[in-house]
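Coordinates from data_17.txt are shown below (compact mmCIF, C-alpha atoms).
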```
# COMPACT_ATOMS: atom_id res chain seq x y z
CA MET X 1 0.00 0.00 0.00
CA ILE X 2 1.32 3.42 -0.93
CA GLY X 3 1.41 6.39 1.41
CA GLU X 4 -0.67 9.53 1.27
CA PHE X 5 2.06 11.69 -0.24
CA GLU X 6 2.91 9.02 -2.77
CA TYR X 7 -0.77 8.98 -3.78
CA LEU X 8 -0.77 12.76 -4.21
CA ILE X 9 2.25 12.57 -6.52
CA LEU X 10 0.81 9.71 -8.57
CA SER X 11 -2.50 11.57 -8.95
CA ALA X 12 -0.82 14.85 -9.92
CA ALA X 13 1.49 13.13 -12.40
CA THR X 14 -1.41 11.21 -13.95
CA ARG X 15 -3.45 14.40 -14.37
CA LEU X 16 -0.50 16.30 -15.88
CA ARG X 17 0.21 13.47 -18.37
CA GLU X 18 3.00 14.62 -20.75
CA ASP X 19 3.63 17.75 -18.70
CA ALA X 20 4.42 15.92 -15.46
CA TYR X 21 7.75 17.08 -14.02
CA GLY X 22 9.10 18.25 -10.65
CA ALA X 23 7.89 21.87 -10.52
CA ALA X 24 4.50 21.13 -12.16
CA ILE X 25 3.74 18.24 -9.79
CA ARG X 26 4.74 20.42 -6.86
CA ARG X 27 2.35 23.18 -8.03
CA GLU X 28 -0.49 20.68 -8.43
CA ILE X 29 0.00 19.29 -4.94
CA GLU X 30 0.25 22.75 -3.36
CA ASP X 31 -2.92 23.91 -5.16
CA ALA X 32 -4.82 20.78 -4.16
CA THR X 33 -3.73 20.54 -0.53
CA ARG X 34 -3.24 24.30 0.09
CA HIS X 35 -0.05 23.37 1.91
CA GLY X 36 3.58 23.82 0.97
CA CYS X 37 5.35 20.90 -0.67
CA SER X 38 9.09 20.80 -0.09
CA ILE X 39 11.44 19.90 -2.91
CA GLY X 40 13.22 17.49 -0.56
CA ALA X 41 10.03 15.52 0.11
CA LEU X 42 9.04 15.60 -3.57
CA TYR X 43 12.33 14.37 -5.02
CA THR X 44 12.99 11.69 -2.40
CA THR X 45 9.44 10.37 -2.87
CA LEU X 46 9.88 10.38 -6.64
CA ASP X 47 12.98 8.21 -6.14
CA ARG X 48 11.05 5.86 -3.86
CA LEU X 49 8.18 5.56 -6.34
CA GLU X 50 10.64 4.86 -9.16
CA ALA X 51 12.38 2.20 -7.07
CA LYS X 52 8.98 0.54 -6.50
CA GLY X 53 8.29 0.64 -10.25
CA PHE X 54 5.29 2.99 -9.91
CA ILE X 55 6.79 5.72 -12.08
CA LYS X 56 9.53 6.13 -14.67
CA THR X 57 11.55 9.32 -14.90
CA ARG X 58 13.85 10.79 -17.54
CA MET X 59 15.66 14.06 -18.03
CA GLY X 60 13.84 16.36 -20.48
CA ASP X 61 15.23 19.06 -22.71
CA PRO X 62 16.53 22.35 -21.27
CA THR X 63 14.11 25.27 -21.52
CA PRO X 64 14.82 29.04 -21.40
CA GLU X 65 12.22 29.77 -18.67
CA ARG X 66 14.17 27.40 -16.41
CA GLY X 67 17.48 29.13 -17.02
CA GLY X 68 18.42 26.54 -19.64
CA ARG X 69 18.04 23.67 -17.22
CA PRO X 70 16.27 20.38 -18.00
CA LYS X 71 13.13 19.01 -16.33
CA ARG X 72 12.84 15.64 -14.62
CA MET X 73 9.92 14.22 -16.55
CA VAL X 74 7.65 11.73 -14.79
CA ARG X 75 5.48 8.99 -16.29
CA VAL X 76 3.18 6.85 -14.15
CA THR X 77 3.44 3.13 -14.97
CA ALA X 78 0.59 0.62 -15.07
CA MET X 79 1.74 -0.62 -11.65
CA GLY X 80 1.59 2.95 -10.34
CA ILE X 81 -1.95 3.43 -11.66
CA ARG X 82 -3.00 0.17 -9.96
CA ALA X 83 -1.39 1.21 -6.67
CA ALA X 84 -3.04 4.64 -6.72
CA SER X 85 -6.36 3.07 -7.65
CA ASP X 86 -6.08 0.59 -4.74
CA PHE X 87 -5.28 3.43 -2.34
CA TYR X 88 -8.27 5.47 -3.56
CA ALA X 89 -10.55 2.44 -3.22
CA ALA X 90 -9.30 1.85 0.33
CA VAL X 91 -9.86 5.49 1.28
CA THR X 92 -13.35 5.40 -0.24
CA ARG X 93 -14.23 2.16 1.63
CA VAL X 94 -12.91 3.37 4.96
CA SER X 95 -14.73 6.70 4.55
CA ARG X 96 -18.08 5.05 3.88
CA GLY X 97 -20.68 6.21 6.38
CA VAL X 98 -18.47 9.02 7.63
CA SER X 99 -19.91 12.38 6.77
CA TRP X 100 -16.83 14.57 6.54
CA GLU X 101 -18.68 17.21 4.59
CA THR X 102 -21.23 17.62 7.40
CA ASN X 103 -18.45 17.74 10.01
CA ARG X 104 -16.55 20.37 8.01
CA ILE X 105 -19.65 22.53 7.85
CA ALA X 106 -20.13 22.02 11.59
CA VAL X 107 -16.54 23.07 12.28
CA ARG X 108 -16.94 26.21 10.18
CA MET S 109 16.27 33.42 -10.25
CA GLY S 110 13.39 34.36 -7.99
CA ASP S 111 12.46 37.82 -6.74
CA GLU S 112 13.41 38.87 -3.29
CA PRO S 113 10.88 41.54 -2.33
CA ASN S 114 11.56 41.76 1.39
CA ARG S 115 15.28 41.12 1.47
CA SER S 116 18.28 43.06 0.34
CA PRO S 117 19.87 42.11 -3.00
CA LEU S 118 23.06 41.24 -1.13
CA MET S 119 21.19 38.76 1.08
CA ALA S 120 19.53 37.25 -2.00
CA ARG S 121 22.91 36.87 -3.70
CA VAL S 122 24.36 35.20 -0.60
CA CYS S 123 21.39 32.81 -0.45
CA TRP S 124 21.71 31.87 -4.13
CA ARG S 125 25.46 31.45 -3.77
CA LEU S 126 24.80 29.06 -0.87
CA VAL S 127 22.23 27.25 -3.03
CA ASP S 128 24.92 26.82 -5.70
CA ILE S 129 27.41 25.44 -3.17
CA LEU S 130 24.90 23.15 -1.44
CA SER S 131 23.51 21.77 -4.66
CA LEU S 132 26.98 20.51 -5.54
CA MET S 133 26.23 17.76 -3.02
CA LEU S 134 23.43 16.51 -5.27
CA HIS S 135 23.76 14.21 -8.25
CA SER S 136 24.38 16.28 -11.41
CA ASP S 137 21.00 15.41 -13.05
CA GLU S 138 19.08 16.10 -9.88
CA ARG S 139 21.01 19.33 -9.32
CA GLU S 140 20.03 20.61 -12.77
CA ALA S 141 16.36 19.59 -12.38
CA VAL S 142 16.06 21.15 -8.91
CA ARG S 143 17.78 24.40 -9.91
CA GLY S 144 15.47 24.56 -12.93
CA ASP S 145 12.40 24.01 -10.73
CA LEU S 146 13.52 26.79 -8.39
CA VAL S 147 14.05 29.23 -11.27
CA GLU S 148 10.71 28.32 -12.83
CA SER S 149 8.79 28.72 -9.57
CA GLY S 150 10.42 32.11 -8.97
CA ALA S 151 11.30 31.13 -5.41
CA PRO S 152 13.10 33.79 -3.36
CA GLY S 153 16.70 33.01 -2.37
CA SER S 154 15.84 32.18 1.21
CA GLN S 155 13.09 29.74 0.14
CA ALA S 156 15.40 28.15 -2.44
CA LEU S 157 18.07 27.75 0.21
CA ARG S 158 15.60 26.07 2.59
CA ASP S 159 14.43 23.75 -0.19
CA VAL S 160 17.90 22.70 -1.30
CA LEU S 161 19.08 22.35 2.29
CA GLY S 162 16.11 20.07 3.01
CA LEU S 163 16.81 17.90 -0.04
CA VAL S 164 20.55 17.66 0.71
CA ALA S 165 19.81 16.74 4.34
CA ARG S 166 17.40 14.00 3.24
CA ARG S 167 19.88 12.67 0.67
CA GLN S 168 22.74 12.62 3.19
CA ALA S 169 20.62 11.10 5.96
CA ALA S 170 19.06 8.35 3.81
CA PRO S 171 22.06 5.94 3.78
CA TRP S 172 22.32 6.06 7.59
CA THR S 173 19.19 3.96 7.90
CA HIS S 174 21.34 0.99 6.75
CA TRP S 175 24.12 -0.70 8.72
CA ARG S 176 26.96 -0.20 6.19
CA PRO S 177 27.67 3.51 6.80
CA TRP S 178 27.71 2.86 10.55
CA LEU S 179 30.21 0.01 10.08
CA THR S 180 32.42 2.24 7.90
CA PHE S 181 32.18 5.00 10.49
CA VAL S 182 33.11 2.79 13.43
CA THR S 183 35.78 0.65 11.75
CA LEU S 184 37.41 3.22 9.44
CA VAL S 185 36.47 6.85 9.92
CA VAL S 186 36.95 6.98 13.69
CA PRO S 187 40.19 4.92 13.98
CA LEU S 188 41.83 6.42 10.88
CA GLY S 189 40.95 9.99 11.85
CA MET S 190 42.18 9.46 15.38
CA LEU S 191 45.42 7.67 14.41
CA LEU S 192 46.30 10.24 11.76
CA SER S 193 45.60 13.04 14.18
CA VAL S 194 48.03 11.50 16.66
CA VAL S 195 50.68 10.69 14.02
CA SER S 196 50.38 14.18 12.57
CA THR S 197 50.99 15.78 15.96
CA THR S 198 53.98 13.57 16.78
CA THR S 199 55.48 14.07 13.29
CA ALA S 200 55.03 17.83 13.61
CA ASP S 201 56.57 17.88 17.09
CA GLY S 202 59.46 15.67 16.03
CA SER S 203 60.31 17.77 12.98
CA ALA S 204 59.68 21.07 14.81
CA VAL S 205 62.79 20.40 16.92
CA TYR S 206 64.95 20.11 13.78
CA VAL S 207 63.29 23.06 12.05
CA TRP S 208 63.88 25.17 15.16
CA MET S 209 67.47 23.94 15.33
CA TYR S 210 68.24 25.22 11.83
CA ALA S 211 65.80 28.10 11.35
CA ASN S 212 66.14 29.74 14.76
CA ASN S 213 69.82 28.99 15.35
CA TRP S 214 71.20 29.54 11.88
CA LYS S 215 74.89 30.48 11.64
CA TRP S 216 76.30 31.36 8.22
CA GLY S 217 79.73 30.28 9.40
CA ASP S 218 78.56 26.64 9.63
CA LEU S 219 78.19 26.46 5.85
CA GLY S 220 81.92 25.94 5.41
CA ASN S 221 81.90 23.02 7.83
CA ALA S 222 81.76 19.58 6.13
CA GLY S 223 80.29 17.99 9.26
CA PHE S 224 77.40 20.48 9.19
CA TRP S 225 76.42 19.42 5.68
CA HIS S 226 76.60 15.75 6.57
CA VAL S 227 74.23 16.19 9.52
CA PHE S 228 72.05 18.64 7.58
CA VAL S 229 71.48 16.24 4.67
CA GLU S 230 70.80 13.40 7.09
CA THR S 231 68.24 15.52 8.96
CA VAL S 232 66.51 16.70 5.79
CA LEU S 233 66.22 13.12 4.56
CA LEU S 234 64.85 12.01 7.94
CA ILE S 235 62.23 14.74 7.95
CA PHE S 236 61.36 14.13 4.30
CA LYS S 237 60.89 10.41 4.97
CA GLY S 238 58.57 11.16 7.89
CA TYR S 239 56.58 13.74 5.93
CA LEU S 240 56.29 11.49 2.87
CA ALA S 241 55.09 8.59 5.03
CA LEU S 242 52.50 10.82 6.73
CA ALA S 243 51.26 12.15 3.38
CA CYS S 244 51.05 8.57 2.02
CA TRP S 245 49.13 7.33 5.08
CA SER S 246 46.70 10.22 4.74
CA TRP S 247 46.28 9.63 1.01
CA THR S 248 45.72 5.90 1.64
CA SER S 249 43.13 6.63 4.34
CA GLY S 250 41.26 8.93 1.95
CA PHE S 251 41.63 6.37 -0.82
CA VAL S 252 40.12 3.62 1.34
CA LEU S 253 37.17 5.85 2.30
CA GLY S 254 36.61 6.86 -1.34
CA THR S 255 36.81 3.25 -2.55
CA ILE S 256 34.60 1.66 0.08
CA SER S 257 31.69 4.08 -0.13
CA PRO S 258 31.89 6.32 -3.21
CA ARG S 259 28.36 7.66 -2.64
CA MET S 260 29.11 8.61 0.95
CA THR S 261 32.41 10.39 0.34
CA GLN S 262 31.11 13.84 1.28
CA THR S 263 29.63 12.72 4.59
CA ASN S 264 32.55 10.43 5.39
CA GLY S 265 34.98 13.18 4.42
CA VAL S 266 33.37 15.67 6.81
CA LEU S 267 33.27 13.10 9.63
CA PHE S 268 36.88 12.11 8.93
CA PHE S 269 38.05 15.73 9.17
CA LEU S 270 36.08 16.20 12.38
CA MET S 271 37.88 13.14 13.75
CA LEU S 272 41.20 14.66 12.69
CA LEU S 273 40.35 17.79 14.65
CA PHE S 274 39.09 16.00 17.72
CA GLY S 275 41.24 12.86 17.49
CA GLY S 276 43.85 14.47 19.69
CA LEU S 277 41.23 15.13 22.35
CA VAL S 278 40.15 11.49 22.41
CA GLY S 279 43.71 10.32 22.91
CA ALA S 280 44.58 13.18 25.23
CA PRO S 281 44.56 11.35 28.58
CA ARG S 282 47.05 8.71 27.43
CA TYR S 283 49.15 11.20 25.56
CA PHE S 284 49.27 13.76 28.29
CA ALA S 285 52.41 12.29 29.85
CA TYR S 286 54.13 11.97 26.48
CA PHE S 287 53.44 15.54 25.46
CA TRP S 288 54.38 16.84 28.87
CA GLN S 289 57.71 15.03 28.71
CA PHE S 290 58.44 15.82 25.04
CA ARG S 291 57.40 19.45 25.04
CA ARG S 292 58.47 20.39 28.54
CA GLY S 293 61.71 18.40 28.80
CA ALA S 294 64.83 19.01 26.72
CA ASN S 295 62.67 20.45 23.93
CA GLY S 296 61.20 23.13 26.18
CA PRO S 297 62.84 26.08 24.34
CA VAL S 298 61.33 24.93 21.02
CA PHE S 299 57.78 24.62 22.31
CA SER S 300 57.95 27.78 24.36
CA LEU S 301 57.50 29.50 20.98
CA LEU S 302 53.87 29.87 19.91
CA PHE S 303 54.69 29.02 16.28
CA TYR S 304 56.12 25.57 17.04
CA ARG S 305 53.58 24.84 19.78
CA GLU S 306 50.37 25.82 17.96
CA THR S 307 50.86 26.91 14.34
CA PHE S 308 53.36 24.32 13.10
CA PRO S 309 51.17 21.26 13.96
CA VAL S 310 48.23 22.91 12.15
CA ILE S 311 50.38 23.53 9.05
CA VAL S 312 51.54 19.90 9.08
CA LEU S 313 47.95 18.69 9.56
CA ALA S 314 46.67 20.84 6.68
CA LEU S 315 49.47 20.10 4.21
CA LEU S 316 50.31 16.48 4.98
CA VAL S 317 47.00 15.09 6.21
CA VAL S 318 43.98 17.11 5.02
CA GLY S 319 45.32 17.81 1.50
CA PRO S 320 46.52 14.27 0.71
CA SER S 321 43.43 12.62 2.22
CA LEU S 322 41.13 14.83 0.09
CA TRP S 323 43.17 13.81 -2.94
CA GLY S 324 42.96 10.17 -1.86
CA ILE S 325 39.17 10.34 -1.48
CA ARG S 326 38.91 11.73 -5.01
CA GLN S 327 41.19 9.03 -6.43
CA GLY S 328 39.35 6.33 -4.47
CA LYS S 329 36.02 7.35 -6.04
CA ARG S 330 37.54 6.78 -9.48
CA THR S 331 38.42 3.13 -8.75
CA GLU S 332 34.78 2.22 -9.53
CA ARG S 333 35.92 2.30 -13.15
CA LEU S 334 38.92 -0.02 -12.58
CA ARG S 335 39.08 -3.75 -13.23
CA PRO S 336 38.17 -5.96 -10.20
CA LEU S 337 41.68 -7.50 -9.99
CA LEU S 338 43.34 -4.08 -9.86
CA ARG S 339 40.84 -2.92 -7.24
CA TYR S 340 41.66 -6.04 -5.21
CA ILE S 341 45.43 -5.33 -5.37
CA LEU S 342 44.89 -1.69 -4.42
CA GLY S 343 42.74 -2.79 -1.49
CA ILE S 344 45.46 -5.13 -0.20
CA ALA S 345 48.09 -2.39 -0.50
CA ALA S 346 45.83 0.02 1.37
CA ILE S 347 45.16 -2.47 4.17
CA ALA S 348 48.89 -3.32 4.48
CA THR S 349 49.62 0.38 4.95
CA LEU S 350 47.70 0.54 8.20
CA PRO S 351 49.85 -1.91 10.26
CA ALA S 352 52.90 -0.22 8.72
CA MET S 353 51.64 3.06 10.15
CA VAL S 354 51.53 1.51 13.61
CA ILE S 355 54.99 -0.08 13.19
CA GLN S 356 56.67 3.09 12.02
CA ASN S 357 55.31 5.12 14.90
CA PRO S 358 56.49 3.84 18.27
CA GLU S 359 54.14 6.36 19.93
CA LEU S 360 51.18 4.61 18.32
CA SER S 361 52.25 1.25 19.75
CA VAL S 362 52.09 2.80 23.19
CA PHE S 363 48.82 4.46 22.32
CA LEU S 364 47.26 1.22 21.14
CA LYS S 365 48.92 -0.77 23.97
CA LEU S 366 50.66 -3.01 21.42
CA PHE S 367 53.35 -5.48 22.45
CA ARG S 368 56.77 -4.48 21.08
CA ARG S 369 59.51 -7.10 20.97
CA ARG S 370 62.59 -5.77 19.27
CA GLU S 371 63.49 -8.99 17.38
CA ILE S 372 59.98 -9.17 15.88
CA TRP S 373 59.67 -5.55 14.91
CA ASP S 374 63.19 -5.44 13.42
CA ALA S 375 62.61 -8.46 11.12
CA TRP S 376 63.08 -8.02 7.35
CA GLN S 377 59.40 -8.72 6.70
CA ILE S 378 58.52 -5.74 8.83
CA TRP S 379 61.12 -3.68 6.98
CA LEU S 380 59.49 -4.72 3.69
CA LEU S 381 56.07 -3.84 5.06
CA GLN S 382 57.34 -0.35 5.78
CA LEU S 383 58.05 0.11 2.07
CA VAL S 384 54.39 -0.62 1.30
CA VAL S 385 53.56 2.70 2.93
CA TYR S 386 54.87 4.51 -0.14
CA TRP S 387 52.59 2.65 -2.58
CA PRO S 388 50.51 5.74 -3.36
CA VAL S 389 53.57 7.27 -5.05
CA ALA S 390 53.86 4.25 -7.37
CA TYR S 391 50.09 4.25 -7.97
CA LEU S 392 49.96 7.96 -8.83
CA VAL S 393 52.95 7.69 -11.17
CA ALA S 394 51.40 4.67 -12.93
CA ASP S 395 48.04 6.49 -13.13
CA ALA S 396 49.65 9.61 -14.61
CA ILE S 397 51.55 7.52 -17.21
CA GLY S 398 48.36 5.62 -18.09
CA ARG S 399 46.38 8.82 -18.58
CA HIS S 400 49.17 10.40 -20.63
CA ARG S 401 49.21 7.35 -22.94
CA HIS S 402 45.40 7.41 -23.17
CA ARG S 403 45.49 11.10 -24.21
CA ARG S 404 48.16 10.40 -26.80
CA VAL S 405 46.19 7.51 -28.29
CA ALA S 406 43.01 9.64 -28.32
CA SER S 407 44.76 12.52 -30.09
CA ILE S 408 46.07 10.27 -32.90
```
Please express what this file holds, its structure, as structure tokens.
Amino acid sequence: MIGEFEYLILSAATRLREDAYGAAIRREIEDATRHGCSIGALYTTLDRLEAKGFIKTRMGDPTPERGGRPKRMVRVTAMGIRAASDFYAAVTRVSRGVSWETNRIAVR
Amino acid sequence: MGDEPNRSPLMARVCWRLVDILSLMLHSDEREAVRGDLVESGAPGSQALRDVLGLVARRQAAPWTHWRPWLTFVTLVVPLGMLLSVVSTTTADGSAVYVWMYANNWKWGDLGNAGFWHVFVETVLLIFKGYLALACWSWTSGFVLGTISPRMTQTNGVLFFLMLLFGGLVGAPRYFAYFWQFRRGANGPVFSLLFYRETFPVIVLALLVVGPSLWGIRQGKRTERLRPLLRYILGIAAIATLPAMVIQNPELSVFLKLFRRREIWDAWQIWLLQLVVYWPVAYLVADAIGRHRHRRVASI
């Protein structure tokens, strides 16, 4: 079973498709969670996911807006999609009958 | 580079300079990708510094969750750093007496004396032999660290140099009597001078230990590309150097509480072992010749 942060990265990378790379994934996660995402956490988790076979990475071409530096492009593998899907299913099952939306309104 | 609205341009420049230095500790591909991400996101210098610092810390800490780095630290970094620290101090103290003898008591009239030259050459050779041995031990220690864990060289290097600095403190209780006797006895006038007491050992440590060991670490990292047999031979030579270091330094035998029987330690095998100490010289010469030939072949 993958972890929560691993799931966030897999989801962001899947949504970004061909445009999935370090900075873009980081932006997606920060927008979605409304929390900061450190480069340290992102890159070490990318390594872990790659070691598990959930993603494949390669160095892209240098671009001017990045000061002529290349991107680390990310592609989610079939195994990664399965792992993310399993995690989502588990979260959905465990959340069944729990009304978070109601609680959030109550907290507000 | 990102904007720095609330900080002075100087502070931003310092932060980005630190980012440049710190990111050198990352793998080249990762360094480029991370620097590109930081530029693209327009992160201010301070934020970029925090990000890179966090990544470097994670990268450096990750291997310590396994047992290998701990084994290297306990069996190599600590003993080598401590031994070299002790040997460096004793070599510096030993040669300081001779340096003081000639530099602080120089008489031009002695130059015409044949006996002066005889003793002078003998002394210079003695000091040179000691310095060369110390530089070779240091190089070998660095080489061993670089060979055993090429990915951990930066961390091991820092820990090794910390051990060099504090090695003397660890051995201080046992060495107290030795230093008291050596520095306060007949050699008192030499070590009453601040230069020979404090500065000279630091110069010896920097030039004959820190410099060669850094060079050794760098050379050791390159052995990944060598053939297994050659790596094996180099490993044996490096390991043989360590007992030779103990043999050639009587102070270390006392320090390590080793048994010293004259007939054993004066045997020809031991004498031969002492020559092994200088193997880095042969290795570096062979390496330089090999690279020169490679360049010549490539240019044809």
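Closest approach to Gly265 of chain S among S:Tyr206, S:Tyr239, S:Tyr340, S:Phe181 is made by S:Phe181 (distances from only C-alpha atoms).
Taking atom CA of Val160 of chain S as the reference point, atom CA of Arg139 of chain S is found at 9.2 Å.
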Counting all atoms listed in the file, collect the residues of chain X whose closest atom lies at most 8 Å from chain S, and write them out as a PyMOL selection string. chain X and resi 22-23+38-41+43-44+59+65-72
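Computed from the coordinates, the atom CA of Met353 of chain S to atom CA of Trp208 of chain S distance equals 25.8 Å.
Near segment 188-191 of chain S, within 7 Å and counting only C-alpha atoms, sit S:Ser249, S:Phe268, S:Phe269, S:Met271, S:Leu272, S:Gly275, S:Gly276, not including residues fewer than 5 positions from it in the same chain.
Between Lys237 of chain S and the candidates S:Val266, S:Thr199, S:Tyr304, S:Leu130, the tightest atom-to-atom separation, counting all atoms listed in the file, involves S:Thr199.
Here atom CA of Phe87 of chain X is placed at a distance of 18.3 Å from atom CA of Trp100 of chain X.
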Contacts of Trp323 of chain S at 8 Å or less, counting all atoms listed in the file, minus same-chain residues fewer than 4 places along, as a PyMOL selection string?
chain S and resi 247+250-251+319+327
**Message:** Neighbouring residues of Ala200 of chain S were defined as those with any atom within 12 Å, considering only C-alpha atoms; residues of the same chain fewer than 4 positions away were excluded. Please report them as a PyMOL selection string.
**Reply:** chain S and resi 192-196+204-208+235-236+238-239+242+291+299+303-317
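Among the candidates X:Gly53, X:Pro62, X:Phe5, X:Ala13, the residue lying nearest to Cys37 of chain X is X:Phe5 (atoms considered: only C-alpha atoms).
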Of X:Asp47, X:Phe54, X:Thr33, X:Tyr21, the one sitting nearest Ile81 of chain X when using only C-alpha atoms is X:Phe54
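Using all atoms listed in the file, the smallest distance between any of S:Ile325, S:Ala346, S:Ala396, S:Cys123 and Ser154 of chain S comes from S:Cys123.
For Ala83 of chain X, the set of protein, DNA and RNA residues having any atom at most 12 Å away, when counting all atoms listed in the file and skipping those fewer than 4 positions along the same chain, is X:Met1, X:Ile2, X:Gly3, X:Glu4, X:Glu6, X:Tyr7, X:Leu8, X:Ile9, X:Leu10, X:Ser11, X:Leu49, X:Lys52, X:Gly53, X:Phe54, X:Ile55, X:Val76, X:Thr77, X:Ala78, X:Met79, X:Phe87, X:Tyr88, X:Ala89, X:Ala90.
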Exercise. Give me the residues within 8 Å of Arg75 of chain X as JSON, numbers by chain, counting all atoms listed in the file and dropping any in the same chain fewer than 6 places off.
Key: {"X": [13, 14, 17, 18, 20, 55, 56, 57]}
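If all atoms listed in the file are the atoms counted, then among S:Val122, S:Cys244, S:Met133, S:Val227 the closest residue to Pro152 of chain S is S:Val122.
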